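A.B. asks: I am sharing structure36.cif, which consists of mmCIF, C-alpha atoms:
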```
data_start
#
loop_
_atom_site.label_atom_id
_atom_site.label_comp_id
_atom_site.auth_asym_id
_atom_site.auth_seq_id
_atom_site.Cartn_x
_atom_site.Cartn_y
_atom_site.Cartn_z
CA MET Q 1 -60.65 61.22 -97.23
CA ARG Q 2 -63.05 62.82 -99.71
CA TRP Q 3 -66.68 61.83 -100.15
CA VAL Q 4 -67.25 60.64 -103.71
CA ASP Q 5 -70.71 59.26 -104.27
CA PHE Q 6 -73.36 56.83 -103.17
CA ARG Q 7 -72.46 53.26 -104.08
CA ARG Q 8 -74.74 50.23 -104.28
CA ARG Q 9 -73.93 46.80 -102.92
CA THR Q 10 -75.84 43.54 -103.30
CA LEU Q 11 -75.60 41.20 -100.33
CA THR Q 12 -76.85 37.61 -100.15
CA THR Q 13 -78.45 36.95 -96.76
CA ARG Q 14 -80.50 34.16 -95.25
CA ALA Q 15 -83.58 36.21 -96.09
CA GLY Q 16 -82.57 36.64 -99.73
CA GLU Q 17 -80.70 39.29 -101.66
CA VAL Q 18 -80.50 42.79 -100.19
CA ARG Q 19 -79.44 45.92 -102.08
CA LEU Q 20 -77.69 48.46 -99.92
CA VAL Q 21 -76.81 52.08 -100.71
CA ARG Q 22 -74.06 53.78 -98.73
CA GLY Q 23 -71.60 56.62 -99.08
CA TYR Q 24 -68.22 55.93 -100.69
CA TRP Q 25 -65.05 57.82 -99.72
CA HIS Q 26 -61.74 58.10 -101.55
CA CYS Q 27 -58.20 58.88 -100.35
CA ALA Q 28 -56.18 60.84 -102.89
CA ALA Q 29 -52.94 60.14 -101.03
CA CYS Q 30 -53.03 56.33 -101.21
CA GLY Q 31 -55.53 55.89 -104.02
CA THR Q 32 -57.87 53.60 -102.04
CA GLY Q 33 -61.52 53.94 -101.20
CA CYS Q 34 -63.94 52.58 -98.63
CA ALA Q 35 -67.53 52.68 -97.44
CA PRO Q 36 -67.46 53.42 -93.69
CA ASP Q 37 -71.07 52.32 -93.29
CA ASP Q 38 -69.98 48.74 -94.05
CA VAL Q 39 -68.11 48.79 -90.75
CA VAL Q 40 -71.00 50.45 -88.92
CA TRP Q 41 -73.44 47.88 -90.27
CA ASP Q 42 -71.03 45.03 -89.46
CA LEU Q 43 -70.91 43.71 -93.03
CA PRO Q 44 -68.32 41.13 -94.09
CA PRO Q 45 -66.18 41.57 -97.18
CA GLY Q 46 -67.61 40.04 -100.33
CA ASN Q 47 -71.20 39.55 -101.35
CA ALA Q 48 -72.54 37.29 -98.57
CA SER Q 49 -73.67 38.01 -95.02
CA TRP Q 50 -72.10 36.45 -91.96
CA GLY Q 51 -75.01 34.05 -91.64
CA VAL Q 52 -74.57 32.79 -95.20
CA ARG Q 53 -70.82 32.45 -94.71
CA ASP Q 54 -71.29 30.47 -91.50
CA GLY Q 55 -73.79 28.08 -93.07
CA ALA Q 56 -71.78 27.56 -96.25
CA SER Q 57 -68.52 26.95 -94.37
CA LEU Q 58 -70.23 24.43 -92.07
CA LEU Q 59 -71.37 22.44 -95.09
CA GLY Q 60 -67.92 22.87 -96.64
CA ALA Q 61 -66.36 21.26 -93.56
CA VAL Q 62 -68.91 18.45 -93.26
CA LEU Q 63 -69.63 17.46 -96.87
CA PRO Q 64 -67.02 15.57 -98.91
CA SER Q 65 -66.42 18.38 -101.46
CA PHE Q 66 -66.98 22.08 -101.99
CA GLU Q 67 -68.81 21.44 -105.26
CA LYS Q 68 -71.41 19.33 -103.44
CA THR Q 69 -71.69 22.09 -100.86
CA ALA Q 70 -72.47 24.69 -103.53
CA HIS Q 71 -75.10 22.46 -105.17
CA LEU Q 72 -76.77 21.61 -101.86
CA LEU Q 73 -76.91 25.27 -100.84
CA GLU Q 74 -78.60 26.17 -104.09
CA ASP Q 75 -81.10 23.33 -103.72
CA LEU Q 76 -81.97 24.20 -100.12
CA THR Q 77 -81.81 27.99 -100.11
CA LEU Q 78 -82.37 28.96 -103.78
CA PHE Q 79 -79.36 31.31 -103.81
CA GLN Q 80 -76.07 30.57 -105.46
CA VAL Q 81 -72.71 30.46 -103.72
CA SER Q 82 -69.68 29.37 -105.68
CA ALA Q 83 -67.56 26.41 -104.64
CA ARG Q 84 -64.53 28.70 -104.48
CA SER Q 85 -66.25 31.06 -102.03
CA THR Q 86 -67.29 28.12 -99.87
CA GLU Q 87 -63.72 26.84 -99.87
CA SER Q 88 -62.34 30.25 -98.88
CA TRP Q 89 -64.86 30.69 -96.07
CA THR Q 90 -64.23 27.19 -94.69
CA GLU Q 91 -60.49 27.85 -94.68
CA ASP Q 92 -61.09 31.12 -92.83
CA VAL Q 93 -62.87 29.19 -90.08
CA GLY Q 94 -60.06 26.65 -89.85
CA ALA Q 95 -57.41 29.37 -89.71
CA ALA Q 96 -59.21 31.25 -86.92
CA TYR Q 97 -60.48 28.37 -84.78
CA ALA Q 98 -58.77 27.98 -81.43
CA PRO Q 99 -60.51 25.54 -79.04
CA PRO Q 100 -61.75 27.41 -75.96
CA VAL Q 101 -59.55 26.92 -72.90
CA PRO Q 102 -61.31 25.99 -69.64
CA THR Q 103 -61.65 28.90 -67.23
CA PRO Q 104 -63.03 29.27 -63.68
CA GLU Q 105 -66.21 30.67 -65.23
CA ALA Q 106 -66.43 27.83 -67.79
CA PRO Q 107 -64.50 24.92 -66.28
CA ALA Q 108 -63.81 21.57 -67.88
CA PRO Q 109 -66.17 18.74 -66.92
CA ALA Q 110 -65.43 16.82 -63.74
CA VAL Q 111 -64.56 13.26 -64.77
CA ASP Q 112 -63.09 10.13 -63.21
CA LEU Q 113 -61.08 8.96 -66.23
CA VAL Q 114 -59.59 10.66 -69.27
CA VAL Q 115 -58.67 8.58 -72.33
CA ILE Q 116 -56.21 10.01 -74.86
CA GLU Q 117 -55.61 8.30 -78.21
CA ALA Q 118 -53.58 9.17 -81.30
CA ASP Q 119 -53.16 7.82 -84.81
CA ALA Q 120 -52.47 9.09 -88.34
CA GLY Q 121 -54.05 8.96 -91.77
CA ASN Q 122 -52.41 9.59 -95.14
CA THR Q 123 -53.42 12.39 -97.50
CA LEU Q 124 -52.10 13.26 -100.96
CA TRP Q 125 -50.33 16.62 -101.25
CA ARG Q 126 -50.11 18.46 -104.54
CA THR Q 127 -46.80 20.09 -103.54
CA ASP Q 128 -44.84 16.89 -104.24
CA ASN Q 129 -47.60 14.49 -105.34
CA ALA Q 130 -46.76 12.24 -102.39
CA TRP Q 131 -48.64 10.85 -99.39
CA HIS Q 132 -48.14 12.51 -96.01
CA GLU Q 133 -49.41 11.69 -92.54
CA GLN Q 134 -52.11 13.80 -90.95
CA LYS Q 135 -51.93 13.26 -87.18
CA VAL Q 136 -55.27 12.80 -85.42
CA TYR Q 137 -55.87 13.05 -81.67
CA ALA Q 138 -58.98 12.11 -79.73
CA ALA Q 139 -59.72 12.52 -76.03
CA TRP Q 140 -62.78 12.01 -73.88
CA GLY Q 141 -63.71 11.78 -70.24
CA ARG Q 142 -65.69 9.17 -68.33
CA ARG Q 143 -67.74 9.87 -65.25
CA ALA Q 144 -69.74 7.21 -63.40
CA ASP Q 145 -69.31 4.78 -66.32
CA HIS Q 146 -70.74 7.30 -68.79
CA ASP Q 147 -68.47 8.51 -71.59
CA GLN Q 148 -68.46 12.21 -72.43
CA PRO Q 149 -68.43 13.49 -76.05
CA ILE Q 150 -65.12 13.00 -77.86
CA GLN Q 151 -62.97 16.00 -78.70
CA TYR Q 152 -60.76 15.90 -81.82
CA ALA Q 153 -57.66 17.69 -83.07
CA VAL Q 154 -55.55 17.36 -86.22
CA ALA Q 155 -52.01 18.44 -87.02
CA GLN Q 156 -49.21 18.01 -89.53
CA GLY Q 157 -45.52 17.37 -88.99
CA PRO Q 158 -43.58 15.15 -86.55
CA TRP Q 159 -45.26 13.70 -83.48
CA ALA Q 160 -42.76 15.40 -81.18
CA ILE Q 161 -43.99 18.95 -81.86
CA HIS Q 162 -47.61 18.26 -80.91
CA ALA Q 163 -47.28 18.18 -77.12
CA PRO Q 164 -49.16 21.50 -76.60
CA LEU Q 165 -51.96 20.25 -78.82
CA VAL Q 166 -52.29 17.04 -76.79
CA THR Q 167 -52.27 18.78 -73.40
CA ASN Q 168 -54.80 21.43 -74.53
CA LEU Q 169 -57.09 18.73 -75.87
CA ALA Q 170 -56.82 16.75 -72.64
CA GLU Q 171 -57.50 19.82 -70.51
CA ARG Q 172 -60.73 20.41 -72.39
CA VAL Q 173 -62.06 17.00 -71.36
CA GLY Q 174 -61.05 17.36 -67.70
CA VAL Q 175 -57.56 15.89 -67.31
CA THR Q 176 -56.56 18.41 -64.63
CA THR Q 177 -59.11 17.00 -62.17
CA ALA Q 178 -59.38 13.39 -63.40
CA ARG Q 179 -58.27 10.65 -61.02
CA GLU Q 180 -56.97 8.41 -63.82
CA VAL Q 181 -55.50 8.95 -67.28
CA LEU Q 182 -55.29 6.24 -69.94
CA LEU Q 183 -53.01 6.48 -72.97
CA LEU Q 184 -53.96 4.16 -75.81
CA GLY Q 185 -52.23 3.75 -79.16
CA ASP Q 186 -50.54 1.49 -81.65
CA GLY Q 187 -46.86 0.54 -81.58
CA ALA Q 188 -45.33 3.66 -83.19
CA PRO Q 189 -42.33 4.64 -80.97
CA ALA Q 190 -42.61 8.36 -81.79
CA LEU Q 191 -46.27 8.36 -80.79
CA TRP Q 192 -45.47 6.84 -77.41
CA ARG Q 193 -42.60 9.24 -76.79
CA LEU Q 194 -45.07 12.09 -77.28
CA LEU Q 195 -47.83 10.68 -75.07
CA THR Q 196 -45.44 9.52 -72.35
CA GLY Q 197 -43.74 12.91 -72.32
CA CYS Q 198 -47.09 14.64 -71.78
CA TYR Q 199 -48.40 12.27 -69.06
CA PRO Q 200 -45.60 10.05 -67.73
CA GLU Q 201 -47.69 8.74 -64.81
CA ALA Q 202 -50.65 7.66 -66.94
CA PHE Q 203 -51.72 4.05 -67.48
CA GLN Q 204 -50.38 3.02 -70.91
CA LEU Q 205 -51.97 0.36 -73.05
CA LEU Q 206 -51.03 -1.02 -76.46
CA ASP Q 207 -54.00 -1.33 -78.77
CA TRP Q 208 -55.33 -4.90 -78.60
CA TYR Q 209 -56.10 -5.16 -82.30
CA HIS Q 210 -52.65 -4.04 -83.43
CA LEU Q 211 -51.15 -6.69 -81.17
CA MET Q 212 -53.52 -9.30 -82.61
CA GLU Q 213 -52.31 -8.41 -86.11
CA HIS Q 214 -48.74 -9.30 -85.11
CA LEU Q 215 -49.78 -12.50 -83.35
CA GLY Q 216 -52.04 -13.39 -86.29
CA ALA Q 217 -49.05 -13.22 -88.64
CA VAL Q 218 -47.30 -15.83 -86.47
CA ALA Q 219 -50.44 -17.95 -86.23
CA LYS Q 220 -50.67 -18.20 -90.03
CA LEU Q 221 -47.31 -20.00 -90.05
CA HIS Q 222 -47.93 -22.09 -86.91
CA PRO Q 223 -48.99 -25.76 -87.31
CA ASP Q 224 -51.82 -25.20 -84.79
CA GLY Q 225 -52.62 -21.70 -86.06
CA THR Q 226 -56.15 -20.85 -84.84
CA PRO Q 227 -56.02 -22.84 -81.53
CA TRP Q 228 -52.57 -21.42 -80.78
CA LEU Q 229 -53.82 -17.85 -81.34
CA ALA Q 230 -56.89 -18.44 -79.15
CA THR Q 231 -54.62 -19.70 -76.35
CA GLN Q 232 -52.47 -16.56 -76.53
CA GLN Q 233 -55.52 -14.32 -76.52
CA GLU Q 234 -56.88 -15.95 -73.39
CA ALA Q 235 -53.51 -15.72 -71.65
CA LEU Q 236 -53.11 -12.02 -72.52
CA ARG Q 237 -56.63 -11.11 -71.43
CA PHE Q 238 -56.61 -12.90 -68.09
CA ARG Q 239 -53.00 -13.52 -67.05
CA GLY Q 240 -50.81 -10.96 -68.81
CA PRO Q 241 -48.03 -11.18 -71.41
CA ARG Q 242 -45.60 -13.60 -69.74
CA GLU Q 243 -46.97 -16.83 -71.25
CA THR Q 244 -47.16 -15.34 -74.77
CA LEU Q 245 -43.62 -13.97 -74.54
CA LEU Q 246 -42.32 -17.41 -73.54
CA ALA Q 247 -44.28 -19.09 -76.34
CA LEU Q 248 -42.86 -16.69 -78.92
CA LYS Q 249 -39.35 -17.19 -77.57
CA ALA Q 250 -39.71 -20.95 -77.97
CA LEU Q 251 -40.96 -20.57 -81.54
CA HIS Q 252 -38.15 -18.15 -82.36
CA GLN Q 253 -35.57 -20.68 -81.15
CA ARG Q 254 -37.15 -23.99 -82.22
CA GLY Q 255 -39.80 -23.22 -84.84
CA ASP Q 256 -40.46 -25.79 -87.56
CA THR Q 257 -39.52 -23.43 -90.38
CA ALA Q 258 -37.18 -20.51 -90.82
CA GLU Q 259 -40.12 -18.33 -91.81
CA LEU Q 260 -41.95 -19.19 -88.58
CA ARG Q 261 -38.85 -18.51 -86.49
CA GLN Q 262 -38.36 -15.14 -88.17
CA SER Q 263 -42.01 -14.11 -87.72
CA ALA Q 264 -42.01 -15.20 -84.07
CA GLY Q 265 -38.81 -13.24 -83.45
CA ALA Q 266 -40.30 -10.08 -84.95
CA CYS Q 267 -43.45 -10.40 -82.83
CA LEU Q 268 -41.36 -11.15 -79.73
CA LYS Q 269 -39.33 -7.99 -80.32
CA TYR Q 270 -42.51 -5.96 -80.81
CA MET Q 271 -44.11 -7.23 -77.60
CA TRP Q 272 -40.92 -6.87 -75.56
CA ARG Q 273 -40.59 -3.24 -76.60
CA HIS Q 274 -44.14 -2.62 -75.31
CA ARG Q 275 -44.11 -5.07 -72.40
CA GLN Q 276 -45.11 -2.31 -69.94
CA ARG Q 277 -48.20 -1.61 -72.05
CA LEU Q 278 -49.62 -5.16 -72.09
CA ASN Q 279 -51.34 -5.29 -68.71
CA TYR Q 280 -54.74 -6.17 -70.13
CA PRO Q 281 -55.97 -8.02 -66.99
CA GLU Q 282 -55.57 -4.82 -64.92
CA ALA Q 283 -57.14 -2.72 -67.68
CA ARG Q 284 -60.15 -5.04 -67.76
CA ARG Q 285 -60.42 -4.94 -63.96
CA ARG Q 286 -60.53 -1.11 -64.07
CA GLY Q 287 -63.01 -1.10 -66.92
CA TYR Q 288 -60.66 0.54 -69.43
CA PRO Q 289 -61.08 0.12 -73.18
CA ILE Q 290 -58.29 -2.06 -74.59
CA GLY Q 291 -58.84 -1.36 -78.31
CA SER Q 292 -58.30 1.85 -80.21
CA GLY Q 293 -61.47 1.58 -82.25
CA ARG Q 294 -62.41 5.17 -81.48
CA ILE Q 295 -59.22 6.67 -82.84
CA GLU Q 296 -59.44 4.45 -85.92
CA SER Q 297 -62.95 5.79 -86.42
CA ALA Q 298 -61.69 9.33 -85.80
CA VAL Q 299 -59.12 9.02 -88.59
CA LYS Q 300 -61.84 7.89 -91.00
CA GLN Q 301 -64.30 10.54 -89.83
CA VAL Q 302 -61.97 13.53 -89.56
CA VAL Q 303 -59.47 12.88 -92.36
CA GLN Q 304 -60.46 10.20 -94.83
CA ALA Q 305 -64.14 11.07 -95.23
CA ARG Q 306 -63.24 14.66 -96.12
CA ALA Q 307 -59.74 14.68 -97.58
CA LYS Q 308 -59.28 11.28 -99.17
CA GLN Q 309 -61.97 11.25 -101.85
CA ALA Q 310 -61.22 10.15 -105.41
CA GLY Q 311 -58.82 12.49 -107.18
CA MET Q 312 -58.21 14.78 -104.21
CA ARG Q 313 -54.81 16.45 -103.87
CA TRP Q 314 -54.24 19.17 -101.31
CA ASN Q 315 -52.12 22.14 -100.53
CA PRO Q 316 -50.95 21.27 -96.99
CA VAL Q 317 -51.91 24.65 -95.49
CA HIS Q 318 -55.41 24.55 -96.98
CA LEU Q 319 -55.82 20.92 -95.92
CA GLN Q 320 -54.97 21.75 -92.33
CA GLN Q 321 -57.47 24.61 -92.29
CA VAL Q 322 -60.31 22.53 -93.73
CA LEU Q 323 -59.71 19.65 -91.31
CA THR Q 324 -59.43 22.06 -88.37
CA ALA Q 325 -62.80 23.52 -89.35
CA ARG Q 326 -64.15 19.96 -89.49
CA CYS Q 327 -62.88 19.38 -85.94
CA ALA Q 328 -64.66 22.54 -84.81
CA ALA Q 329 -67.92 21.13 -86.15
CA LEU Q 330 -67.36 17.68 -84.62
CA ASN Q 331 -66.33 19.18 -81.27
CA GLY Q 332 -69.54 21.20 -81.00
CA ASP Q 333 -67.59 24.48 -81.23
CA TRP Q 334 -69.01 25.80 -84.49
CA ALA Q 335 -70.60 28.92 -82.99
CA CYS Q 336 -67.34 29.70 -81.19
CA ALA Q 337 -65.32 29.11 -84.36
CA CYS Q 338 -67.59 31.41 -86.37
CA ALA Q 339 -67.25 34.16 -83.77
CA GLN Q 340 -63.46 33.80 -83.88
CA THR Q 341 -63.56 33.90 -87.69
CA LYS Q 342 -65.68 37.04 -87.70
CA ALA Q 343 -63.23 38.77 -85.37
CA ALA Q 344 -60.24 37.71 -87.46
CA VAL Q 345 -61.79 38.71 -90.80
CA THR Q 346 -63.01 42.02 -89.40
CA ARG Q 347 -59.56 42.87 -88.09
CA SER Q 348 -57.92 42.12 -91.43
CA ALA Q 349 -60.57 43.88 -93.52
CA SER Q 350 -61.23 46.97 -91.41
CA PRO Q 351 -59.66 50.17 -92.75
CA PRO Q 352 -57.49 52.27 -90.44
CA PRO Q 353 -59.14 55.16 -88.58
CA LEU Q 354 -60.21 57.73 -91.14
CA ARG Q 355 -60.30 61.51 -91.04
CA LEU Q 356 -63.28 62.32 -93.21
CA ASP Q 357 -63.61 65.71 -94.85
CA PRO Q 358 -66.93 67.46 -94.24
CA PRO Q 359 -69.39 66.16 -96.82
CA GLN Q 360 -70.46 69.62 -97.89
CA THR Q 361 -66.84 70.49 -98.78
CA ALA Q 362 -66.40 67.30 -100.76
CA ARG Q 363 -69.63 67.76 -102.67
CA LYS Q 364 -68.46 71.07 -104.16
CA SER Q 365 -66.13 69.23 -106.52
CA MET Q 366 -68.85 66.80 -107.61
CA PRO Q 367 -71.67 67.43 -110.06
CA SER Q 368 -74.73 68.52 -108.15
CA ARG Q 369 -77.24 65.73 -107.88
CA ARG Q 370 -80.22 65.08 -105.72
CA PRO Q 371 -80.31 61.64 -104.15
CA SER Q 372 -83.21 59.50 -105.22
CA ALA Q 373 -85.78 58.29 -102.73
CA SER Q 374 -83.88 55.01 -102.31
CA THR Q 375 -80.66 56.81 -101.34
CA ARG Q 376 -82.00 59.45 -98.96
CA GLU Q 377 -80.66 59.38 -95.44
CA GLU Q 378 -82.66 58.02 -92.55
CA PRO Q 379 -84.22 60.52 -90.13
CA ARG Q 380 -81.57 62.29 -88.12
CA SER Q 381 -83.03 60.94 -84.87
CA LEU Q 382 -81.29 57.57 -85.63
CA SER Q 383 -77.54 57.17 -85.33
CA LEU Q 384 -75.51 55.13 -87.80
CA LYS Q 385 -75.00 52.47 -85.14
CA GLN Q 386 -78.75 52.18 -84.56
CA MET Q 387 -79.38 51.91 -88.30
CA GLY Q 388 -76.75 49.18 -88.53
CA GLN Q 389 -78.48 47.19 -85.81
CA MET Q 390 -81.80 47.53 -87.61
CA VAL Q 391 -80.29 46.26 -90.88
CA LYS Q 392 -78.67 43.26 -89.19
CA GLN Q 393 -81.87 42.30 -87.35
CA ALA Q 394 -83.99 42.67 -90.48
CA PHE Q 395 -81.87 40.59 -92.82
CA GLY Q 396 -80.03 38.16 -90.52
CA PHE Q 397 -76.48 39.38 -91.17
#
```
Could you rewrite the structure in this file as structure tokens?
C.D. replies:
Amino acid sequence: MRWVDFRRRTLTTRAGEVRLVRGYWHCAACGTGCAPDDVVWDLPPGNASWGVRDGASLLGAVLPSFEKTAHLLEDLTLFQVSARSTESWTEDVGAAYAPPVPTPEAPAPAVDLVVIEADAGNTLWRTDNAWHEQKVYAAWGRRADHDQPIQYAVAQGPWAIHAPLVTNLAERVGVTTAREVLLLGDGAPALWRLLTGCYPEAFQLLDWYHLMEHLGAVAKLHPDGTPWLATQQEALRFRGPRETLLALKALHQRGDTAELRQSAGACLKYMWRHRQRLNYPEARRRGYPIGSGRIESAVKQVVQARAKQAGMRWNPVHLQQVLTARCAALNGDWACACAQTKAAVTRSASPPPLRLDPPQTARKSMPSRRPSASTREEPRSLSLKQMGQMVKQAFGF
């Protein structure tokens, strides 16, 4: 590597714009150049400091669009960051974020109950201009009747491949030491195969509101619609599914209309398939939630509020990264995610170890020039590492 010249670089930091001057080196063999002081000073690639990147990517994950993020940053901080840069930085966070695994030094919380829920929301992909499911998982622990903060995860693809994601999420909220585990979801067979495969001994419960939708469809065709539905609700809550199953069987066989018989048969089939997940009296006795309102809210909060705005179409890889970054923010892991991003970006951007020619040898081939006052070196009593620390502390890199 041959020393070429001093090069200037403008960096946007939380304290404003900073102009840096550092030596630039060139490799004649490969035709590339670099500024080694950028590594010493711990500077990211591009024209923004780590602090600016972290703040912009947080807004990019939380706000409904990258354009709004860029405008809000300019209004609040008076410096400009493009929407494209914000998008790239947010995707970097999502690509690098890996939820921290509990360790003996940082164990998972001790809880009595762990609740695991799953659902899906549709997003529009630009690859085929079609809607695709984005799987959403939520888990939280309960200790002494107090619910712990919810942890979220998102994924694409079939339910069956997400078992490691589910178990890792559950471990974070304390499933390894919990006395009870509750699985709660709608009637999707693939969803239940996944959850049952992960925790076969857990208490399983079909979401109350999904069941009410099926019974409500029968009640609309029943002569005594609303009273009949209220009777089934009371029976399910306090005595279990037997009475409702018998009532549906009778309607399926002797209903007044063919439409009523068909609707009752479909509901009977649905309930029979999930008959082991209809023990609402026991769930109420244990104090379990019987409705999946939290996972429905999670789908809206994690997916729809960010990825289902008017006119949005996504590349699936970029969508996954943005929603993963959003989960990092919602999970309270933003500082951890930013540290992981910094490590990943630094690894990819750092040049290989360099063998630098002595500066005095390299300068012989360059026109003689005396550095200006702004480019003179710091006193020799300070090392490059010490100068880098001073720059970072001064400007909030």
A.B. asks: Please identify all polymer residues within 12 Å of Arg286 of chain Q, counting only C-alpha atoms, omitting same-chain residues fewer than 6 positions from it, and present them as a list in words.
C.D. replies: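 Here the answer would be Asp112, Leu113, Asp145, Glu180, Val181, Leu182, Phe203, Asn279 and Tyr280 of chain Q.
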A.B. asks: At most 10 Å from (-47.8, -21.9, -86.2), file frame, all atoms listed in the file: which residues, as a PyMOL selection string?
C.D. replies: chain Q and resi 216-229+251+255-257+260-261+263-264
A.B. asks: Got a sec: who's within 6 Å of segment 151-160 of chain Q, counting all atoms listed in the file, leaving out chain neighbours fewer than 2 positions off, as JSON, numbers by chain?
C.D. replies: {"Q": [134, 135, 136, 137, 138, 139, 162, 194, 327, 331]}
A.B. asks: Run through the PyMOL selection byres ((chain Q and resi 114) around 10) on the given coordinates and return the selected residues as an MDAnalysis selection string.
C.D. replies: chainID Q and resid 111:113 115:116 139:143 147:148 170:171 173:183 202
A.B. asks: Enter the distance from atom CA of Cys267 of chain Q to atom CA of Ile290 of chain Q, in Å, rounded to one decimal.
C.D. replies: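 Spanning atom CA of Cys267 of chain Q to atom CA of Ile290 of chain Q is a straight-line distance of 18.9 Å.
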A.B. asks: Any chance you could resolve the PyMOL selection byres ((chain Q and resi 38) around 10) against this file and give the residues as a list in words?
C.D. replies: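 Selected by the PyMOL selection byres ((chain Q and resi 38) around 10) in this file: Arg9, Leu20, Arg22, Gly23, Tyr24, Cys34, Ala35, Pro36, Asp37, Val39, Val40, Trp41, Asp42, Leu43, Pro44, Pro45, Ser350 and Gly388 of chain Q.
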A.B. asks: For the contact check between segment 50-138 of chain Q and segment 301-318 of chain Q, emit one row per residue of segment 50-138 of chain Q within 8 Å, containing the shortest atom pair and the distance in Å rounded to one decimal, counting only C-alpha atoms, chain then rising number order, as JSON lines.
C.D. replies:
```
{"residue": "Q:Ala61", "atom": "CA", "partner": "Q:Arg306", "partner_atom": "CA", "distance": 7.7}
{"residue": "Q:Val62", "atom": "CA", "partner": "Q:Arg306", "partner_atom": "CA", "distance": 7.4}
{"residue": "Q:Leu63", "atom": "CA", "partner": "Q:Arg306", "partner_atom": "CA", "distance": 7.0}
{"residue": "Q:Pro64", "atom": "CA", "partner": "Q:Arg306", "partner_atom": "CA", "distance": 4.8}
{"residue": "Q:Ser65", "atom": "CA", "partner": "Q:Arg306", "partner_atom": "CA", "distance": 7.2}
{"residue": "Q:Glu91", "atom": "CA", "partner": "Q:His318", "partner_atom": "CA", "distance": 6.5}
{"residue": "Q:Gly121", "atom": "CA", "partner": "Q:Val303", "partner_atom": "CA", "distance": 6.7}
{"residue": "Q:Thr123", "atom": "CA", "partner": "Q:Lys308", "partner_atom": "CA", "distance": 6.2}
{"residue": "Q:Leu124", "atom": "CA", "partner": "Q:Arg313", "partner_atom": "CA", "distance": 5.1}
{"residue": "Q:Trp125", "atom": "CA", "partner": "Q:Trp314", "partner_atom": "CA", "distance": 4.7}
{"residue": "Q:Arg126", "atom": "CA", "partner": "Q:Arg313", "partner_atom": "CA", "distance": 5.2}
{"residue": "Q:Thr127", "atom": "CA", "partner": "Q:Asn315", "partner_atom": "CA", "distance": 6.4}
{"residue": "Q:Asn129", "atom": "CA", "partner": "Q:Arg313", "partner_atom": "CA", "distance": 7.6}
{"residue": "Q:Gln134", "atom": "CA", "partner": "Q:Val303", "partner_atom": "CA", "distance": 7.6}
{"residue": "Q:Val136", "atom": "CA", "partner": "Q:Val302", "partner_atom": "CA", "distance": 7.9}
```
A.B. asks: Reconstruct N, CA and C atoms of segment 209-220 of chain Q; output as a tab-separated table (two decimals), in the frame of the given file.
C.D. replies:
```tsv
chain	number	residue	atom	x	y	z
Q	209	TYR	N	-55.95	-4.67	-80.93
Q	209	TYR	CA	-56.10	-5.16	-82.30
Q	209	TYR	C	-54.79	-5.07	-83.09
Q	210	HIS	N	-53.96	-4.07	-82.79
Q	210	HIS	CA	-52.65	-4.04	-83.43
Q	210	HIS	C	-51.79	-5.21	-82.95
Q	211	LEU	N	-51.89	-5.53	-81.68
Q	211	LEU	CA	-51.15	-6.69	-81.17
Q	211	LEU	C	-51.65	-7.98	-81.81
Q	212	MET	N	-52.97	-8.10	-81.99
Q	212	MET	CA	-53.52	-9.30	-82.61
Q	212	MET	C	-53.06	-9.44	-84.07
Q	213	GLU	N	-52.83	-8.32	-84.74
Q	213	GLU	CA	-52.31	-8.41	-86.11
Q	213	GLU	C	-50.93	-9.07	-86.12
Q	214	HIS	N	-50.07	-8.70	-85.17
Q	214	HIS	CA	-48.74	-9.30	-85.11
Q	214	HIS	C	-48.81	-10.77	-84.71
Q	215	LEU	N	-49.65	-11.10	-83.74
Q	215	LEU	CA	-49.78	-12.50	-83.35
Q	215	LEU	C	-50.46	-13.31	-84.47
Q	216	GLY	N	-51.38	-12.69	-85.19
Q	216	GLY	CA	-52.04	-13.39	-86.29
Q	216	GLY	C	-51.07	-13.76	-87.39
Q	217	ALA	N	-50.06	-12.90	-87.63
Q	217	ALA	CA	-49.05	-13.22	-88.64
Q	217	ALA	C	-48.26	-14.46	-88.24
Q	218	VAL	N	-47.99	-14.62	-86.94
Q	218	VAL	CA	-47.30	-15.83	-86.47
Q	218	VAL	C	-48.22	-17.04	-86.57
Q	219	ALA	N	-49.50	-16.83	-86.22
Q	219	ALA	CA	-50.44	-17.95	-86.23
Q	219	ALA	C	-50.62	-18.53	-87.62
Q	220	LYS	N	-50.52	-17.71	-88.66
Q	220	LYS	CA	-50.67	-18.20	-90.03
Q	220	LYS	C	-49.59	-19.21	-90.39
```
